[in-house]
Amino acid sequence: MSDLSQKIAALSPEKLKLLAKRLNQKKGDIFSRSQIVPQSRESNSFPLSFAQQRLWFLDQLQPGHSAYNIFQSMRLVGSLNVGVLEQSFQEVVKRHEVLRTTFTTVDGQSIQVIAPTPTFRLLLVNLQQLAIDKREVEVLRLAHEEAQYSFNLAKGPLLRVTLLRQSETDHVLLLTMHHIISDGWSIGVLICEIAALYEAFCLGKPSPLPQLSIQYADFAVWQRQWLQGEQLETQVAYWKQQLGDRLPTLELLTDRPRPRIQTFSGAREALMLPKTLSEKLKALNQRQGITLFMILLAAFGTLLSWYTGQEDIVVGTDIANRNQAETKRLIGFFANQLVLRTDLSGNPTFLELLERVREMTLEAYAHQDLPFDKLVDALNPKRELNRSPLFQVKLVLENTQTPSLELSNLTISSLKVENKTVQFDLLLELNETEKGLFGVWEYNTDLFDTASIAQMSRNFEMLLGKISTHPEAKLNELKTILSEADKQHNLAQEQVYQNTIQQKLMNVKRRTTSRL
């Protein structure tokens, strides 16, 4: 551990928080050297942000694909004022121009066009005519259908809100947006604003929300103007040096051959790490002066190295990319993707690997402003129709929890709807909860079986457990532990299979004997 790491690790939790706050303020000062200013609305046509440009391009290749739908569903039990809920959404659409934006092409250039504030209509579907035992089945069917229903980026609207009424006191709210106008952070903004507006409007009060100083289109213009010249060259130079001309492809063994064209069929597998394990990992990150994400990234890289036999591991991650204060209250697509390349060569101890990961991730964060599509253009990798560019596996740790919708006289709970589309071969998304680390594996079902992902999940939990108690272990030791555990699991599965076959043979023999 470096002298700096030792000093950071020696700080109390309170001083660590103060240090993080000062570093964030310093970072904000750096990124705020160019202020975002409101643009004239006379032309009503604006360039796309770089993130929007990438999704627009992908939509042109495969129009109307639902892989980039952002879907939320929740059950509302109690006294719901539907008119006020609709009024609340109307006000949010009025506040955020991006929610009434569509995309088109003029003279070969893609642009975003902002419509005047439309009259928002909440789609109300009444299911009360169905038998009570059939309503829930229909709710799940409609929710799944809504999650998969595509958008037309040129026509819009790119926000859909549907309310399913099972009874006068039981509703299900379905909320769908296209990723080109939203991201995970935006969902939190939307929920907070709907809650504040609903409460105010129910009491006959005006909107309590402060006026927005800028809109997403202003950010798009600013980004195009700021990220050029020396600023762009500095960012590109770093990533070219870090990722090089021959970026390795992660060769995960799949259960089926990779299709010739990338598919988006997917499923999800839950992962729950016990609180005791989460606390041990947090204690490790405090001792080493690093973040929890860095530990998870190093462990994930170790796991992938064991599966592939590769020592140069490339994965992606997300970053909020809201460095100016005025962007934090906006709905829009700000999130960026970072490419993280971990060197596991030389059989280091896990602690030594953490040092490598810490240095690499801090440098990546310092150069986070280069949009992913600009990075792809700069590196110009060989394009393959059956793989996403630069990385196919992703690791995300959500540091901020999406707030839950809280409304007076209503009990609100999430409705679990299976999303059957994915964007990558494999994604592990983790969230810190009071009960420990909760995770979800998203995987492409054209490549992997559920059993393979379940085994990968068990291996990852076991690896984290070993790391939390013996971080001084060398990577080869950790990989040996994984190999032995995998061998024991396969032997157990084989025994179960043999027992099943034996039982079937015995059943056949009994039936044959009884007939004789």
# chains A, B, ... in the order shown; residues from 1 in each chain; ligands from 1
>>> residues_around(residues="Ala378 in chain A", least_positions_apart="5", cutoff="12 Å", atoms="only C-alpha atoms", output="ChimeraX atom specification")
/A:232-233,235-241,243-245,370-373,390
>>> select_by_dssp(residues="range 289-419 of chain A", states="strand (DSSP E)", output="NGL selection string")
:A and (312-319 or 336-343 or 393-398 or 410-414)
>>> write_last_selection(atoms="N, CA and C atoms", output="PDB file, in the first residue's frame")
ATOM      1  N   ASP A 312      -5.373 -10.286 -19.257  1.00  0.00           N
ATOM      2  CA  ASP A 312      -5.650  -8.907 -19.666  1.00  0.00           C
ATOM      3  C   ASP A 312      -7.166  -8.804 -19.815  1.00  0.00           C
ATOM      4  N   ILE A 313      -7.840  -8.314 -18.779  1.00  0.00           N
ATOM      5  CA  ILE A 313      -9.297  -8.378 -18.698  1.00  0.00           C
ATOM      6  C   ILE A 313      -9.908  -6.989 -18.927  1.00  0.00           C
ATOM      7  N   VAL A 314     -10.839  -6.929 -19.864  1.00  0.00           N
ATOM      8  CA  VAL A 314     -11.510  -5.664 -20.196  1.00  0.00           C
ATOM      9  C   VAL A 314     -13.001  -5.798 -19.908  1.00  0.00           C
ATOM     10  N   VAL A 315     -13.515  -4.910 -19.057  1.00  0.00           N
ATOM     11  CA  VAL A 315     -14.951  -4.851 -18.788  1.00  0.00           C
ATOM     12  C   VAL A 315     -15.394  -3.393 -18.868  1.00  0.00           C
ATOM     13  N   GLY A 316     -16.681  -3.192 -18.958  1.00  0.00           N
ATOM     14  CA  GLY A 316     -17.227  -1.850 -18.974  1.00  0.00           C
ATOM     15  C   GLY A 316     -17.921  -1.526 -17.666  1.00  0.00           C
ATOM     16  N   THR A 317     -18.173  -0.250 -17.438  1.00  0.00           N
ATOM     17  CA  THR A 317     -18.973   0.182 -16.299  1.00  0.00           C
ATOM     18  C   THR A 317     -19.667   1.482 -16.668  1.00  0.00           C
ATOM     19  N   ASP A 318     -20.607   1.900 -15.838  1.00  0.00           N
ATOM     20  CA  ASP A 318     -21.342   3.146 -16.064  1.00  0.00           C
ATOM     21  C   ASP A 318     -20.858   4.219 -15.111  1.00  0.00           C
ATOM     22  N   ILE A 319     -20.997   5.469 -15.551  1.00  0.00           N
ATOM     23  CA  ILE A 319     -20.710   6.607 -14.689  1.00  0.00           C
ATOM     24  C   ILE A 319     -21.778   7.658 -14.948  1.00  0.00           C
ATOM     25  N   ASN A 336     -22.443   7.843 -18.989  1.00  0.00           N
ATOM     26  CA  ASN A 336     -21.409   7.461 -19.941  1.00  0.00           C
ATOM     27  C   ASN A 336     -20.874   6.089 -19.557  1.00  0.00           C
ATOM     28  N   GLN A 337     -20.230   5.420 -20.494  1.00  0.00           N
ATOM     29  CA  GLN A 337     -19.628   4.110 -20.250  1.00  0.00           C
ATOM     30  C   GLN A 337     -18.103   4.245 -20.256  1.00  0.00           C
ATOM     31  N   LEU A 338     -17.476   3.649 -19.259  1.00  0.00           N
ATOM     32  CA  LEU A 338     -16.018   3.615 -19.185  1.00  0.00           C
ATOM     33  C   LEU A 338     -15.523   2.205 -19.497  1.00  0.00           C
ATOM     34  N   VAL A 339     -14.379   2.128 -20.149  1.00  0.00           N
ATOM     35  CA  VAL A 339     -13.740   0.846 -20.444  1.00  0.00           C
ATOM     36  C   VAL A 339     -12.594   0.669 -19.457  1.00  0.00           C
ATOM     37  N   LEU A 340     -12.677  -0.369 -18.637  1.00  0.00           N
ATOM     38  CA  LEU A 340     -11.696  -0.607 -17.579  1.00  0.00           C
ATOM     39  C   LEU A 340     -10.869  -1.846 -17.915  1.00  0.00           C
ATOM     40  N   ARG A 341      -9.578  -1.647 -18.025  1.00  0.00           N
ATOM     41  CA  ARG A 341      -8.657  -2.715 -18.432  1.00  0.00           C
ATOM     42  C   ARG A 341      -7.756  -3.086 -17.257  1.00  0.00           C
ATOM     43  N   THR A 342      -7.860  -4.322 -16.793  1.00  0.00           N
ATOM     44  CA  THR A 342      -7.121  -4.769 -15.614  1.00  0.00           C
ATOM     45  C   THR A 342      -6.026  -5.752 -15.999  1.00  0.00           C
ATOM     46  N   ASP A 343      -4.823  -5.491 -15.507  1.00  0.00           N
ATOM     47  CA  ASP A 343      -3.667  -6.362 -15.740  1.00  0.00           C
ATOM     48  C   ASP A 343      -3.525  -7.321 -14.564  1.00  0.00           C
ATOM     49  N   VAL A 393     -18.772  -7.493 -21.498  1.00  0.00           N
ATOM     50  CA  VAL A 393     -19.138  -7.801 -20.114  1.00  0.00           C
ATOM     51  C   VAL A 393     -19.040  -6.516 -19.303  1.00  0.00           C
ATOM     52  N   LYS A 394     -20.007  -6.329 -18.401  1.00  0.00           N
ATOM     53  CA  LYS A 394     -20.108  -5.065 -17.680  1.00  0.00           C
ATOM     54  C   LYS A 394     -20.319  -5.297 -16.192  1.00  0.00           C
ATOM     55  N   LEU A 395     -19.732  -4.419 -15.368  1.00  0.00           N
ATOM     56  CA  LEU A 395     -19.906  -4.453 -13.914  1.00  0.00           C
ATOM     57  C   LEU A 395     -20.335  -3.072 -13.450  1.00  0.00           C
ATOM     58  N   VAL A 396     -21.430  -3.007 -12.705  1.00  0.00           N
ATOM     59  CA  VAL A 396     -21.952  -1.722 -12.230  1.00  0.00           C
ATOM     60  C   VAL A 396     -22.274  -1.836 -10.751  1.00  0.00           C
ATOM     61  N   LEU A 397     -21.812  -0.858  -9.957  1.00  0.00           N
ATOM     62  CA  LEU A 397     -22.200  -0.735  -8.554  1.00  0.00           C
ATOM     63  C   LEU A 397     -22.984   0.554  -8.415  1.00  0.00           C
ATOM     64  N   GLU A 398     -24.259   0.428  -8.071  1.00  0.00           N
ATOM     65  CA  GLU A 398     -25.109   1.608  -7.909  1.00  0.00           C
ATOM     66  C   GLU A 398     -24.832   2.232  -6.547  1.00  0.00           C
ATOM     67  N   LEU A 410     -51.561   6.097   0.155  1.00  0.00           N
ATOM     68  CA  LEU A 410     -51.253   5.010  -0.772  1.00  0.00           C
ATOM     69  C   LEU A 410     -50.114   4.150  -0.233  1.00  0.00           C
ATOM     70  N   THR A 411     -50.255   2.853  -0.389  1.00  0.00           N
ATOM     71  CA  THR A 411     -49.164   1.925  -0.122  1.00  0.00           C
ATOM     72  C   THR A 411     -48.579   1.518  -1.469  1.00  0.00           C
ATOM     73  N   ILE A 412     -47.294   1.758  -1.649  1.00  0.00           N
ATOM     74  CA  ILE A 412     -46.683   1.554  -2.962  1.00  0.00           C
ATOM     75  C   ILE A 412     -45.607   0.476  -2.861  1.00  0.00           C
ATOM     76  N   SER A 413     -45.658  -0.467  -3.765  1.00  0.00           N
ATOM     77  CA  SER A 413     -44.668  -1.553  -3.801  1.00  0.00           C
ATOM     78  C   SER A 413     -44.287  -1.820  -5.249  1.00  0.00           C
ATOM     79  N   SER A 414     -43.110  -2.401  -5.438  1.00  0.00           N
ATOM     80  CA  SER A 414     -42.653  -2.700  -6.790  1.00  0.00           C
ATOM     81  C   SER A 414     -43.378  -3.924  -7.336  1.00  0.00           C
TER      82      SER A 414
END
>>> residues_around(residues="Gly436 in chain A", least_positions_apart="4", cutoff="7 Å", atoms="only C-alpha atoms", output="ChimeraX atom specification")
/A:273-275,278,432
>>> residues_around(residues="Ala196 in chain A", least_positions_apart="6", cutoff="9 Å", atoms="only C-alpha atoms", output="ChimeraX atom specification")
/A:88,207-209,407
>>> closest_atom_pairs(of="range 158-276 of chain A", to="range 41-57 of chain A", cutoff="7 Å", atoms="only C-alpha atoms", output="tab-separated table")
residue	atom	partner	partner_atom	distance
A:Ile180	CA	A:Gln52	CA	5.3
A:Ala217	CA	A:Phe46	CA	6.4
A:Ala220	CA	A:Ser49	CA	4.4
A:Val221	CA	A:Pro47	CA	6.4
A:Gln223	CA	A:Ser49	CA	6.9
>>> write_last_selection(atoms="C-alpha atoms", output="PDB file, in the first residue's frame")
ATOM      1  CA  ILE A 180     -32.199   8.309 -25.561  1.00  0.00           C
ATOM      2  CA  ALA A 217     -30.706  20.523 -25.246  1.00  0.00           C
ATOM      3  CA  ALA A 220     -26.032  18.890 -25.737  1.00  0.00           C
ATOM      4  CA  VAL A 221     -24.932  22.179 -27.331  1.00  0.00           C
ATOM      5  CA  GLN A 223     -20.970  19.345 -24.772  1.00  0.00           C
TER       6      GLN A 223
END
>>> closest_residue(among="A:Phe151, A:Pro381, A:Gln231, A:Leu405", to="Val189 in chain A", atoms="only C-alpha atoms")
A:Leu405
>>> atom_distance(atom1="CA of Glu477 in chain A", atom2="CA of Met294 in chain A")
20.2 Å
>>> decode(residues="range 71-87 of chain A", atoms="all heavy atoms", output="CSV table (one decimal), in the first residue's frame")
chain,number,residue,atom,x,y,z
A,71,PHE,N,-37.8,0.7,-18.1
A,71,PHE,CA,-39.2,0.4,-17.7
A,71,PHE,C,-39.2,0.3,-16.2
A,71,PHE,O,-38.4,-0.3,-15.5
A,71,PHE,CB,-39.6,-1.0,-18.3
A,71,PHE,CG,-40.9,-1.5,-17.9
A,71,PHE,CD1,-42.1,-0.9,-18.3
A,71,PHE,CD2,-41.0,-2.6,-17.0
A,71,PHE,CE1,-43.3,-1.4,-17.9
A,71,PHE,CE2,-42.2,-3.0,-16.6
A,71,PHE,CZ,-43.4,-2.4,-17.0
A,72,GLN,N,-40.3,0.9,-15.6
A,72,GLN,CA,-40.5,0.8,-14.2
A,72,GLN,C,-42.0,0.4,-14.0
A,72,GLN,O,-42.9,0.9,-14.7
A,72,GLN,CB,-40.3,2.1,-13.5
A,72,GLN,CG,-38.8,2.5,-13.5
A,72,GLN,CD,-38.0,1.9,-12.4
A,72,GLN,OE1,-38.5,1.8,-11.3
A,72,GLN,NE2,-36.9,1.4,-12.7
A,73,SER,N,-42.3,-0.4,-13.0
A,73,SER,CA,-43.7,-0.7,-12.7
A,73,SER,C,-43.9,-0.8,-11.2
A,73,SER,O,-43.0,-1.2,-10.4
A,73,SER,CB,-44.0,-2.1,-13.3
A,73,SER,OG,-43.2,-3.1,-12.8
A,74,MET,N,-45.0,-0.4,-10.7
A,74,MET,CA,-45.3,-0.3,-9.3
A,74,MET,C,-46.8,-0.5,-9.0
A,74,MET,O,-47.6,0.0,-9.8
A,74,MET,CB,-44.7,0.9,-8.6
A,74,MET,CG,-45.3,2.2,-9.2
A,74,MET,SD,-44.2,3.6,-8.7
A,74,MET,CE,-42.8,3.5,-9.8
A,75,ARG,N,-47.1,-1.1,-7.9
A,75,ARG,CA,-48.5,-1.3,-7.4
A,75,ARG,C,-48.9,-0.1,-6.5
A,75,ARG,O,-48.1,0.1,-5.5
A,75,ARG,CB,-48.7,-2.6,-6.8
A,75,ARG,CG,-50.1,-3.0,-6.5
A,75,ARG,CD,-50.2,-4.3,-5.8
A,75,ARG,NE,-49.7,-5.4,-6.6
A,75,ARG,CZ,-50.3,-6.0,-7.6
A,75,ARG,NH1,-51.6,-5.6,-7.9
A,75,ARG,NH2,-49.8,-6.9,-8.4
A,76,LEU,N,-50.0,0.5,-6.7
A,76,LEU,CA,-50.5,1.5,-5.8
A,76,LEU,C,-51.8,1.1,-5.2
A,76,LEU,O,-52.8,0.9,-5.8
A,76,LEU,CB,-50.8,2.8,-6.6
A,76,LEU,CG,-49.7,3.2,-7.7
A,76,LEU,CD1,-50.2,4.4,-8.5
A,76,LEU,CD2,-48.4,3.5,-7.0
A,77,VAL,N,-51.8,0.9,-3.9
A,77,VAL,CA,-52.9,0.4,-3.1
A,77,VAL,C,-53.4,1.5,-2.2
A,77,VAL,O,-52.7,2.0,-1.4
A,77,VAL,CB,-52.6,-0.9,-2.3
A,77,VAL,CG1,-53.8,-1.3,-1.5
A,77,VAL,CG2,-52.2,-2.0,-3.3
A,78,GLY,N,-54.7,1.9,-2.3
A,78,GLY,CA,-55.3,2.9,-1.5
A,78,GLY,C,-56.1,3.9,-2.4
A,78,GLY,O,-56.5,3.6,-3.5
A,79,SER,N,-56.3,5.1,-1.8
A,79,SER,CA,-57.1,6.1,-2.5
A,79,SER,C,-56.2,6.9,-3.4
A,79,SER,O,-55.4,7.8,-3.0
A,79,SER,CB,-57.7,7.0,-1.4
A,79,SER,OG,-58.5,8.0,-2.1
A,80,LEU,N,-56.4,6.6,-4.7
A,80,LEU,CA,-55.6,7.3,-5.8
A,80,LEU,C,-56.4,8.3,-6.5
A,80,LEU,O,-57.5,7.9,-7.0
A,80,LEU,CB,-55.0,6.2,-6.7
A,80,LEU,CG,-54.2,6.8,-8.0
A,80,LEU,CD1,-53.0,7.5,-7.5
A,80,LEU,CD2,-53.9,5.7,-9.0
A,81,ASN,N,-55.9,9.5,-6.6
A,81,ASN,CA,-56.6,10.5,-7.4
A,81,ASN,C,-55.9,10.5,-8.8
A,81,ASN,O,-54.9,11.1,-9.0
A,81,ASN,CB,-56.4,11.9,-6.7
A,81,ASN,CG,-57.2,13.0,-7.4
A,81,ASN,OD1,-57.4,13.0,-8.6
A,81,ASN,ND2,-57.8,13.9,-6.6
A,82,VAL,N,-56.6,9.8,-9.7
A,82,VAL,CA,-56.1,9.6,-11.0
A,82,VAL,C,-55.9,11.0,-11.8
A,82,VAL,O,-54.9,11.2,-12.5
A,82,VAL,CB,-57.0,8.7,-11.9
A,82,VAL,CG1,-56.4,8.5,-13.3
A,82,VAL,CG2,-57.0,7.3,-11.2
A,83,GLY,N,-56.8,11.9,-11.6
A,83,GLY,CA,-56.7,13.2,-12.3
A,83,GLY,C,-55.5,13.9,-11.8
A,83,GLY,O,-54.8,14.6,-12.6
A,84,VAL,N,-55.2,13.9,-10.5
A,84,VAL,CA,-54.1,14.6,-10.0
A,84,VAL,C,-52.8,13.9,-10.4
A,84,VAL,O,-51.8,14.6,-10.7
A,84,VAL,CB,-54.1,14.7,-8.5
A,84,VAL,CG1,-52.8,15.2,-7.9
A,84,VAL,CG2,-55.3,15.6,-8.0
A,85,LEU,N,-52.8,12.6,-10.5
A,85,LEU,CA,-51.6,11.9,-11.0
A,85,LEU,C,-51.3,12.3,-12.4
A,85,LEU,O,-50.1,12.6,-12.8
A,85,LEU,CB,-51.8,10.4,-10.9
A,85,LEU,CG,-50.6,9.5,-11.3
A,85,LEU,CD1,-49.4,9.8,-10.4
A,85,LEU,CD2,-51.0,8.0,-11.3
A,86,GLU,N,-52.3,12.4,-13.3
A,86,GLU,CA,-52.2,12.8,-14.6
A,86,GLU,C,-51.6,14.2,-14.7
A,86,GLU,O,-50.8,14.6,-15.5
A,86,GLU,CB,-53.5,12.7,-15.4
A,86,GLU,CG,-53.4,13.0,-16.9
A,86,GLU,CD,-54.7,12.7,-17.6
A,86,GLU,OE1,-55.7,13.5,-17.3
A,86,GLU,OE2,-54.8,11.8,-18.4
A,87,GLN,N,-52.2,15.1,-13.9
A,87,GLN,CA,-51.8,16.5,-13.8
A,87,GLN,C,-50.3,16.6,-13.4
A,87,GLN,O,-49.5,17.4,-13.9
A,87,GLN,CB,-52.6,17.3,-12.8
A,87,GLN,CG,-52.3,18.8,-12.7
A,87,GLN,CD,-53.1,19.4,-11.6
A,87,GLN,OE1,-53.8,18.8,-10.8
A,87,GLN,NE2,-52.9,20.7,-11.4
